[in-house]
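Following: one structure in structure tokens, then a few remarks.
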Amino acid sequence: MNKQLIKHGHLPFLMLLKLAWRNLWRHRKRTLITLSSIAIGFGLAVLSIGIGDGSHNSMIRNAIKLGEGHLTVQPRGYIEAPANHKYLADGLALSKKLASLNLAGSIEPRISLQVLASTANNSVGAALEGLSSASDPRVDMLKPQLLKGVWLKADDARGIVIGAGMASKLKAKVGSKVVLMAGKKGGDSQAQLGRVRGIFKSHVPEMDDYLILGDIQLARRFLQGEGADVIKQPVTRFAIFLNDSEISSLNIIKAKIKSAVESDQVIAMDWQEMMPQLVQFIAIDDAGNYVFLLLILIMVIFGVLNTVLMSVLERTREFGLLRALGLSKRHLLTLVFCESFIMGLLAIVVGWIAGGGVHFWFSQDGIDFTAIMGEEGTIMMGTFMDPIVYPELSWDRITQLTTIIFIATLSSGIYPAIKAARVTPVEALRT
Amino acid sequence: MALLTLQGISKRYQQGELEVNALSDINLTVEEGEFAALVGPSGSGKTTLLNIIGGLDSPTQGTTRLNGTDITTLKEAQLSDFRLFQLGFVFQSYNLVPVLSALENVELVMVLQGKHKNECRQRAEHYLELVGLKDIMHRRPSALSGGQQQRVAVARALAAGPRLVLADEPTANLDSENATALLDIMHTLSHEEKTTFIFSTHDPRVMDRAERIITLQDGKIVSDERHHHEHKT
């Protein structure tokens, strides 16, 4: 073979980009319409996912505040079968161990008990929550919801605050006496007297109908009845609330806590393990958003496919000419693929400007869903979603959306690229 | 050694149930520097023969040797490289890439060949000057007349330094004045650059310029005559 034939044609990257870019703008209007439709679709997807994430995060934040924190340290087996005799006997030692971890956040010792609350009028099953401090996030959440009376004062060993639902069932008012009775491990029962200081209305039925808040000292008397040593400050759990900046390191912190406190008696769990129903609900709700995203993807794929394929079909003769001049199949494949690549890149940039802009706008002021949700927001899974939703997008989401749209755009360029590469010069030049 | 040797080239097409003999047992030798015309009525096989010489189409039978290489044995990717480095093409129309300027069109093949940017630019400008288009070299094809576009195609074909330029009815869409001008340019450059030209035509004005006229009829060579022309400069 002639020596010159050993040489191979090479399409430099800059020439490739120049050709692809100019080809893309041959039909300016068509390209702009395709880009706009992708950008609008992408923008809507960004907004919709942002609203979804924002509302889910609002629910999660509220659930964590109302519930047992980002991380919970409690007796092993408690979540599977809660019982009043399952408690952390040496709360003091655990508290010291947790404090030594220097976590950025707060550690709240709590005592949760299942009791029977009775007044002269009625008896209802209730959850007694003994809180140790006025700074407990549950206080932050419920104190503003106080309907009547006052909030618990420090060291008020008999004071309780109950929900409006329970007050109604018990026909209790501020100042009413409520007998709290709990079963003991041996089968006996024990009782403590509480006095209603205030009545709250959280709009979460699980709280309003069943929750009784009191000082940890009041709840601890029941543990004492179970045989606990009060000196060791027994608790049923520690609710750990992380500062916002630490939430992304939840798993690392969880591992730290596990290695510090876990034993065959003690377990550390994150909020997802504590509230599996909420996680499941969010996953199902997310699926709806993914269906929307899928529709957007189909729109993007057909948009790009239509534009690039039309442009390929119109250029059959030109491809024949280029093949005659010495461009290989691979060169044509790369060229058309590059056109889809640029289209995808532009769509993402324009899409992020449009979607990101709208997202930013709403993330500042929020979207008011009061008309749909009512003043209280939407209550579900023992938590609630604020009626004003602030769309949220994490970096993971941004990367995920960008990658998905980019892959969709690129994959829609595969067929036109193959079609261009299959052009045979003789047939193409005849057209 | 001859630059181009065709031995027993036949090309048969299947058209529905009919088998059409586009070319039958073509034997032809072309020496370096020749300025040869393939003439004959429509359907005589001129374009098919040029396509086979250019490796754009493959013969049913026979061999095509260019510069010692049997191109009928080359694979598709090798044929692309072969065309890129050895051949220049000028087609009847739509010769240029619409999104590139005249200058960029001329540079394109050289860029693909891997020539240095400066060399590409210098050679492109030189050949565009030779075809009289240096002043408008930044225009895109849509801003050029048919004759100017064909001249750009000639400049592109020559700038890449091919052994052989194949032109399929290069003047078919041109008026008399432009056709003559283009032929004169091709003829002059053929001599100056010592580049071999084979072009197909059924235009008598073009035939007059050829130094060798190969006549095809029904896929066969029916005559092969050499003419002596005074070289015009």
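Naming works like this for the structure tokens: A, B, ... for the chains as they're shown, residue 1 at the start of each chain, ligands 1 onward in shown order.
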*Specify as a list in words all residues of chain A found within 8 Å of chain B, counting only C-alpha atoms.*
Met1, Asn2, Gln4, Leu5, Lys7, His8, Gly9, His10, Leu11, Pro12, Leu19, Arg22, Asn23, Arg26, Glu318, Leu321, Arg323, Ala324, Leu325, Gly326, Leu327, Ser328, Lys329, Pro425 and Val426 of chain A
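Proximity of B:Ser58, B:Ser44, B:Thr63, B:Ser101 to Gln149 (chain B), computed with only C-alpha atoms, is greatest for B:Ser101.
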_Which residues are close to region 125-132 of chain A, i.e. within 7 Å by only C-alpha atoms, leaving aside same-chain residues fewer than 5 positions away? Reply as an MDAnalysis selection string._
chainID A and resid 108:117 210:216 218:219
Write the residues you've just listed into a file as a PDB file, in the first residue's frame, and include N, CA and C atoms for each of them.
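Now in part36.pdb:
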```pdb
ATOM      1  N   GLU A 108     -31.080  16.443  74.148  1.00  0.00           N
ATOM      2  CA  GLU A 108     -32.206  16.594  75.069  1.00  0.00           C
ATOM      3  C   GLU A 108     -32.551  15.259  75.721  1.00  0.00           C
ATOM      4  N   PRO A 109     -32.372  15.135  77.058  1.00  0.00           N
ATOM      5  CA  PRO A 109     -32.813  13.920  77.736  1.00  0.00           C
ATOM      6  C   PRO A 109     -34.341  13.937  77.839  1.00  0.00           C
ATOM      7  N   ARG A 110     -34.966  12.822  77.525  1.00  0.00           N
ATOM      8  CA  ARG A 110     -36.434  12.792  77.562  1.00  0.00           C
ATOM      9  C   ARG A 110     -36.910  11.489  78.190  1.00  0.00           C
ATOM     10  N   ILE A 111     -38.072  11.585  78.768  1.00  0.00           N
ATOM     11  CA  ILE A 111     -38.705  10.352  79.270  1.00  0.00           C
ATOM     12  C   ILE A 111     -40.086  10.258  78.618  1.00  0.00           C
ATOM     13  N   SER A 112     -40.287   9.217  77.843  1.00  0.00           N
ATOM     14  CA  SER A 112     -41.583   9.012  77.191  1.00  0.00           C
ATOM     15  C   SER A 112     -42.250   7.803  77.823  1.00  0.00           C
ATOM     16  N   LEU A 113     -43.491   7.996  78.245  1.00  0.00           N
ATOM     17  CA  LEU A 113     -44.191   6.891  78.911  1.00  0.00           C
ATOM     18  C   LEU A 113     -45.621   6.787  78.388  1.00  0.00           C
ATOM     19  N   GLN A 114     -46.099   5.548  78.402  1.00  0.00           N
ATOM     20  CA  GLN A 114     -47.502   5.370  78.049  1.00  0.00           C
ATOM     21  C   GLN A 114     -48.303   5.346  79.350  1.00  0.00           C
ATOM     22  N   VAL A 115     -49.281   6.250  79.434  1.00  0.00           N
ATOM     23  CA  VAL A 115     -50.039   6.365  80.688  1.00  0.00           C
ATOM     24  C   VAL A 115     -51.534   6.416  80.401  1.00  0.00           C
ATOM     25  N   LEU A 116     -52.282   6.295  81.453  1.00  0.00           N
ATOM     26  CA  LEU A 116     -53.724   6.515  81.373  1.00  0.00           C
ATOM     27  C   LEU A 116     -53.980   7.819  82.121  1.00  0.00           C
ATOM     28  N   ALA A 117     -54.555   8.792  81.403  1.00  0.00           N
ATOM     29  CA  ALA A 117     -54.834  10.084  82.031  1.00  0.00           C
ATOM     30  C   ALA A 117     -56.311  10.128  82.416  1.00  0.00           C
ATOM     31  N   TYR A 210     -53.199  13.073  72.233  1.00  0.00           N
ATOM     32  CA  TYR A 210     -52.518  12.079  73.085  1.00  0.00           C
ATOM     33  C   TYR A 210     -51.355  12.606  73.921  1.00  0.00           C
ATOM     34  N   LEU A 211     -50.831  13.783  73.557  1.00  0.00           N
ATOM     35  CA  LEU A 211     -49.576  14.202  74.193  1.00  0.00           C
ATOM     36  C   LEU A 211     -49.799  14.969  75.500  1.00  0.00           C
ATOM     37  N   ILE A 212     -49.028  14.567  76.503  1.00  0.00           N
ATOM     38  CA  ILE A 212     -48.988  15.317  77.762  1.00  0.00           C
ATOM     39  C   ILE A 212     -47.525  15.682  77.993  1.00  0.00           C
ATOM     40  N   LEU A 213     -47.276  16.976  78.114  1.00  0.00           N
ATOM     41  CA  LEU A 213     -45.904  17.418  78.371  1.00  0.00           C
ATOM     42  C   LEU A 213     -45.763  17.795  79.837  1.00  0.00           C
ATOM     43  N   GLY A 214     -44.653  17.337  80.395  1.00  0.00           N
ATOM     44  CA  GLY A 214     -44.404  17.689  81.788  1.00  0.00           C
ATOM     45  C   GLY A 214     -42.914  17.810  82.013  1.00  0.00           C
ATOM     46  N   ASP A 215     -42.543  18.188  83.229  1.00  0.00           N
ATOM     47  CA  ASP A 215     -41.123  18.268  83.542  1.00  0.00           C
ATOM     48  C   ASP A 215     -40.565  16.852  83.645  1.00  0.00           C
ATOM     49  N   ILE A 216     -39.292  16.721  83.333  1.00  0.00           N
ATOM     50  CA  ILE A 216     -38.674  15.392  83.376  1.00  0.00           C
ATOM     51  C   ILE A 216     -38.746  14.781  84.789  1.00  0.00           C
ATOM     52  N   LEU A 218     -41.227  14.891  86.854  1.00  0.00           N
ATOM     53  CA  LEU A 218     -42.529  14.234  87.010  1.00  0.00           C
ATOM     54  C   LEU A 218     -42.485  12.835  86.390  1.00  0.00           C
ATOM     55  N   ALA A 219     -41.976  12.771  85.148  1.00  0.00           N
ATOM     56  CA  ALA A 219     -41.925  11.489  84.439  1.00  0.00           C
ATOM     57  C   ALA A 219     -40.957  10.532  85.126  1.00  0.00           C
TER      58      ALA A 219
END
```
_Taking 5 positions as the minimum chain separation for residues in the same chain, which residues sit within 9 Å of Asp365 (chain A) when counting only C-alpha atoms? Answer as a list of chain:residue names._
A:Phe360, A:Ile388, A:Val389, A:Tyr390
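In this structure, CA of Leu142 (chain A) sits 6.9 Å away from CA of Phe200 (chain A).
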*With distances taken over only C-alpha atoms, which of B:Gln7, B:Gln150, B:Ser176, B:Asn118 is nearest to Ile26 (chain B)?*
B:Gln7
*Enter the distance from CA of Ile53 (chain B) to CA of Arg65 (chain B), in Å, rounded to one decimal.*
8.5 Å
*If you count only C-alpha atoms, which residues fall within 7 Å of Val266 (chain A), apart from same-chain ones fewer than 2 positions away, as a list of chain:residue names?*
A:Val73, A:Gln74, A:Pro75, A:Arg76, A:Val261, A:Glu262, A:Ser263, A:Asp264, A:Ala268
Residues from the last selection, N, CA and C atoms, saved as an mmCIF file, in the first residue's frame:
```
data_model
loop_
_atom_site.group_PDB
_atom_site.id
_atom_site.type_symbol
_atom_site.label_atom_id
_atom_site.label_comp_id
_atom_site.auth_asym_id
_atom_site.auth_seq_id
_atom_site.Cartn_x
_atom_site.Cartn_y
_atom_site.Cartn_z
ATOM 1 N N VAL A 73 -30.902 8.251 70.964
ATOM 2 C CA VAL A 73 -30.252 7.159 71.705
ATOM 3 C C VAL A 73 -31.307 6.620 72.652
ATOM 4 N N GLN A 74 -31.617 5.355 72.547
ATOM 5 C CA GLN A 74 -32.682 4.785 73.382
ATOM 6 C C GLN A 74 -32.417 3.302 73.661
ATOM 7 N N PRO A 75 -33.244 2.687 74.515
ATOM 8 C CA PRO A 75 -33.004 1.269 74.810
ATOM 9 C C PRO A 75 -33.185 0.423 73.557
ATOM 10 N N ARG A 76 -32.331 -0.543 73.390
ATOM 11 C CA ARG A 76 -32.441 -1.457 72.250
ATOM 12 C C ARG A 76 -33.785 -2.204 72.331
ATOM 13 N N VAL A 261 -21.708 5.047 72.362
ATOM 14 C CA VAL A 261 -22.715 4.662 73.363
ATOM 15 C C VAL A 261 -23.358 3.295 73.155
ATOM 16 N N GLU A 262 -23.240 2.738 71.948
ATOM 17 C CA GLU A 262 -24.020 1.521 71.698
ATOM 18 C C GLU A 262 -23.510 0.323 72.500
ATOM 19 N N SER A 263 -24.463 -0.471 72.963
ATOM 20 C CA SER A 263 -24.148 -1.714 73.669
ATOM 21 C C SER A 263 -25.324 -2.659 73.422
ATOM 22 N N ASP A 264 -25.360 -3.767 74.112
ATOM 23 C CA ASP A 264 -26.506 -4.659 73.901
ATOM 24 C C ASP A 264 -27.773 -4.097 74.542
ATOM 25 N N ALA A 268 -28.358 3.581 68.930
ATOM 26 C CA ALA A 268 -28.480 4.940 68.383
ATOM 27 C C ALA A 268 -29.144 4.815 67.018
#
```
*asked:* as a PyMOL selection string, please: every residue in region 118-192 of chain A that a backbone DSSP assignment puts in helix (DSSP H, G or I).
replied: chain A and resi 137-145+164-170
*Mind pulling up the distance from CA of Gly105 (chain A) to CA of Trp271 (chain A)?*
15.1 Å
Show which residues sit within 12 Å of Pro204 (chain B), as a PDB file with C-alpha atoms, in the first residue's frame. Count only C-alpha atoms, and ignore same-chain residues fewer than 2 positions away.
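Saved the output as part-v9.pdb:
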```
ATOM      1  CA  ALA B  37     -12.355  14.423 -20.449  1.00  0.00           C
ATOM      2  CA  LEU B  38     -14.855  11.628 -20.134  1.00  0.00           C
ATOM      3  CA  VAL B  39     -17.585  12.341 -22.616  1.00  0.00           C
ATOM      4  CA  GLY B  40     -20.726  10.620 -23.711  1.00  0.00           C
ATOM      5  CA  PRO B  41     -24.474  10.938 -23.547  1.00  0.00           C
ATOM      6  CA  GLU B 169     -19.653  17.829 -14.985  1.00  0.00           C
ATOM      7  CA  THR B 171     -19.607  23.296 -15.720  1.00  0.00           C
ATOM      8  CA  ALA B 172     -23.084  21.779 -16.083  1.00  0.00           C
ATOM      9  CA  SER B 176     -20.941  29.807 -21.268  1.00  0.00           C
ATOM     10  CA  ALA B 179     -17.869  27.518 -17.916  1.00  0.00           C
ATOM     11  CA  THR B 180     -15.028  28.647 -20.157  1.00  0.00           C
ATOM     12  CA  LEU B 183     -12.091  25.279 -17.633  1.00  0.00           C
ATOM     13  CA  SER B 200     -16.812  14.281 -17.223  1.00  0.00           C
ATOM     14  CA  THR B 201     -18.821  16.460 -19.553  1.00  0.00           C
ATOM     15  CA  HIS B 202     -21.170  16.501 -22.457  1.00  0.00           C
ATOM     16  CA  VAL B 206     -15.472  21.842 -22.392  1.00  0.00           C
ATOM     17  CA  MET B 207     -14.451  18.991 -24.638  1.00  0.00           C
ATOM     18  CA  ASP B 208     -12.519  21.463 -26.798  1.00  0.00           C
ATOM     19  CA  ARG B 209     -10.284  22.282 -23.831  1.00  0.00           C
ATOM     20  CA  ALA B 210      -9.430  18.633 -23.083  1.00  0.00           C
ATOM     21  CA  ILE B 213     -11.170  12.716 -24.860  1.00  0.00           C
TER      22      ILE B 213
END
```
_Excluding region 272-281 of chain A and its own-chain neighbours fewer than 5 positions away, which residues fall within 12 Å of it when counting only C-alpha atoms? Please give them as an MDAnalysis selection string._
chainID A and resid 56:57 59:64 66:74 77:80 239 250:251 254 267 286:288 379:384
Could you save the residues just selected, with N, CA and C atoms, as a JSON list (two decimals), in the first residue's frame?
```json
[["chain", "number", "residue", "atom", "x", "y", "z"],
["A", 56, "HIS", "N", -41.17, 18.44, 51.44],
["A", 56, "HIS", "CA", -40.71, 17.25, 52.19],
["A", 56, "HIS", "C", -39.77, 17.66, 53.33],
["A", 57, "ASN", "N", -38.87, 18.57, 52.98],
["A", 57, "ASN", "CA", -37.92, 19.00, 54.01],
["A", 57, "ASN", "C", -38.63, 19.71, 55.15],
["A", 59, "MET", "N", -41.67, 19.04, 56.12],
["A", 59, "MET", "CA", -42.27, 17.98, 56.92],
["A", 59, "MET", "C", -41.23, 17.29, 57.80],
["A", 60, "ILE", "N", -40.07, 17.03, 57.19],
["A", 60, "ILE", "CA", -39.01, 16.33, 57.94],
["A", 60, "ILE", "C", -38.54, 17.19, 59.11],
["A", 61, "ARG", "N", -38.33, 18.48, 58.83],
["A", 61, "ARG", "CA", -37.85, 19.37, 59.89],
["A", 61, "ARG", "C", -38.85, 19.41, 61.04],
["A", 62, "ASN", "N", -40.15, 19.55, 60.66],
["A", 62, "ASN", "CA", -41.18, 19.60, 61.70],
["A", 62, "ASN", "C", -41.25, 18.28, 62.45],
["A", 63, "ALA", "N", -41.16, 17.18, 61.68],
["A", 63, "ALA", "CA", -41.23, 15.86, 62.32],
["A", 63, "ALA", "C", -40.06, 15.66, 63.28],
["A", 64, "ILE", "N", -38.90, 16.14, 62.88],
["A", 64, "ILE", "CA", -37.72, 15.99, 63.74],
["A", 64, "ILE", "C", -37.88, 16.83, 65.01],
["A", 66, "LEU", "N", -40.73, 17.97, 66.32],
["A", 66, "LEU", "CA", -41.82, 17.45, 67.15],
["A", 66, "LEU", "C", -41.51, 16.06, 67.68],
["A", 67, "GLY", "N", -40.64, 15.37, 66.96],
["A", 67, "GLY", "CA", -40.34, 13.99, 67.30],
["A", 67, "GLY", "C", -39.10, 13.86, 68.15],
["A", 68, "GLU", "N", -38.24, 12.92, 67.76],
["A", 68, "GLU", "CA", -37.13, 12.54, 68.64],
["A", 68, "GLU", "C", -35.77, 12.98, 68.12],
["A", 69, "GLY", "N", -35.74, 14.06, 67.32],
["A", 69, "GLY", "CA", -34.45, 14.61, 66.91],
["A", 69, "GLY", "C", -33.89, 13.95, 65.67],
["A", 70, "HIS", "N", -32.74, 14.48, 65.23],
["A", 70, "HIS", "CA", -32.06, 13.89, 64.07],
["A", 70, "HIS", "C", -31.55, 12.50, 64.42],
["A", 71, "LEU", "N", -31.10, 12.38, 65.65],
["A", 71, "LEU", "CA", -30.58, 11.09, 66.12],
["A", 71, "LEU", "C", -31.15, 10.82, 67.51],
["A", 72, "THR", "N", -31.40, 9.58, 67.78],
["A", 72, "THR", "CA", -31.99, 9.22, 69.07],
["A", 72, "THR", "C", -31.18, 8.09, 69.69],
["A", 73, "VAL", "N", -30.90, 8.25, 70.96],
["A", 73, "VAL", "CA", -30.25, 7.16, 71.70],
["A", 73, "VAL", "C", -31.31, 6.62, 72.65],
["A", 74, "GLN", "N", -31.62, 5.36, 72.55],
["A", 74, "GLN", "CA", -32.68, 4.79, 73.38],
["A", 74, "GLN", "C", -32.42, 3.30, 73.66],
["A", 77, "GLY", "N", -34.48, -2.28, 71.24],
["A", 77, "GLY", "CA", -35.75, -3.00, 71.22],
["A", 77, "GLY", "C", -36.95, -2.14, 71.58],
["A", 78, "TYR", "N", -36.71, -0.88, 71.94],
["A", 78, "TYR", "CA", -37.82, -0.02, 72.35],
["A", 78, "TYR", "C", -38.78, 0.26, 71.19],
["A", 79, "ILE", "N", -38.18, 0.56, 70.01],
["A", 79, "ILE", "CA", -39.03, 0.96, 68.89],
["A", 79, "ILE", "C", -39.93, -0.20, 68.43],
["A", 80, "GLU", "N", -39.41, -1.44, 68.56],
["A", 80, "GLU", "CA", -40.19, -2.61, 68.14],
["A", 80, "GLU", "C", -41.33, -2.86, 69.14],
["A", 239, "ALA", "N", -32.72, 12.76, 72.75],
["A", 239, "ALA", "CA", -33.01, 13.25, 71.39],
["A", 239, "ALA", "C", -31.91, 14.24, 71.04],
["A", 250, "LEU", "N", -24.82, 13.76, 58.89],
["A", 250, "LEU", "CA", -25.62, 12.93, 59.80],
["A", 250, "LEU", "C", -25.04, 11.52, 59.98],
["A", 251, "ASN", "N", -24.67, 10.90, 58.86],
["A", 251, "ASN", "CA", -24.20, 9.51, 58.95],
["A", 251, "ASN", "C", -22.88, 9.40, 59.70],
["A", 254, "LYS", "N", -23.68, 9.91, 63.29],
["A", 254, "LYS", "CA", -24.37, 8.71, 63.79],
["A", 254, "LYS", "C", -23.34, 7.62, 64.13],
["A", 267, "ILE", "N", -29.08, 1.64, 71.85],
["A", 267, "ILE", "CA", -28.96, 1.74, 70.39],
["A", 267, "ILE", "C", -29.08, 3.21, 69.99],
["A", 286, "ASP", "N", -42.23, 11.39, 46.17],
["A", 286, "ASP", "CA", -41.13, 11.68, 45.24],
["A", 286, "ASP", "C", -41.38, 10.98, 43.91],
["A", 287, "ALA", "N", -41.96, 9.78, 43.98],
["A", 287, "ALA", "CA", -42.21, 9.02, 42.75],
["A", 287, "ALA", "C", -43.09, 9.85, 41.80],
["A", 288, "GLY", "N", -44.05, 10.59, 42.37],
["A", 288, "GLY", "CA", -44.90, 11.45, 41.56],
["A", 288, "GLY", "C", -44.07, 12.51, 40.84],
["A", 379, "ILE", "N", -51.48, 18.23, 57.33],
["A", 379, "ILE", "CA", -51.02, 17.37, 58.41],
["A", 379, "ILE", "C", -51.04, 15.93, 57.93],
["A", 380, "MET", "N", -49.93, 15.26, 58.07],
["A", 380, "MET", "CA", -49.88, 13.84, 57.70],
["A", 380, "MET", "C", -48.71, 13.17, 58.39],
["A", 381, "MET", "N", -48.83, 11.89, 58.57],
["A", 381, "MET", "CA", -47.77, 11.07, 59.14],
["A", 381, "MET", "C", -47.25, 11.65, 60.46],
["A", 382, "GLY", "N", -48.14, 12.22, 61.26],
["A", 382, "GLY", "CA", -47.74, 12.74, 62.56],
["A", 382, "GLY", "C", -46.91, 14.00, 62.49],
["A", 383, "THR", "N", -46.89, 14.61, 61.33],
["A", 383, "THR", "CA", -46.17, 15.88, 61.21],
["A", 383, "THR", "C", -47.00, 16.78, 60.30],
["A", 384, "PHE", "N", -46.47, 17.93, 59.95],
["A", 384, "PHE", "CA", -47.23, 18.81, 59.06],
["A", 384, "PHE", "C", -46.30, 19.58, 58.14]]
```
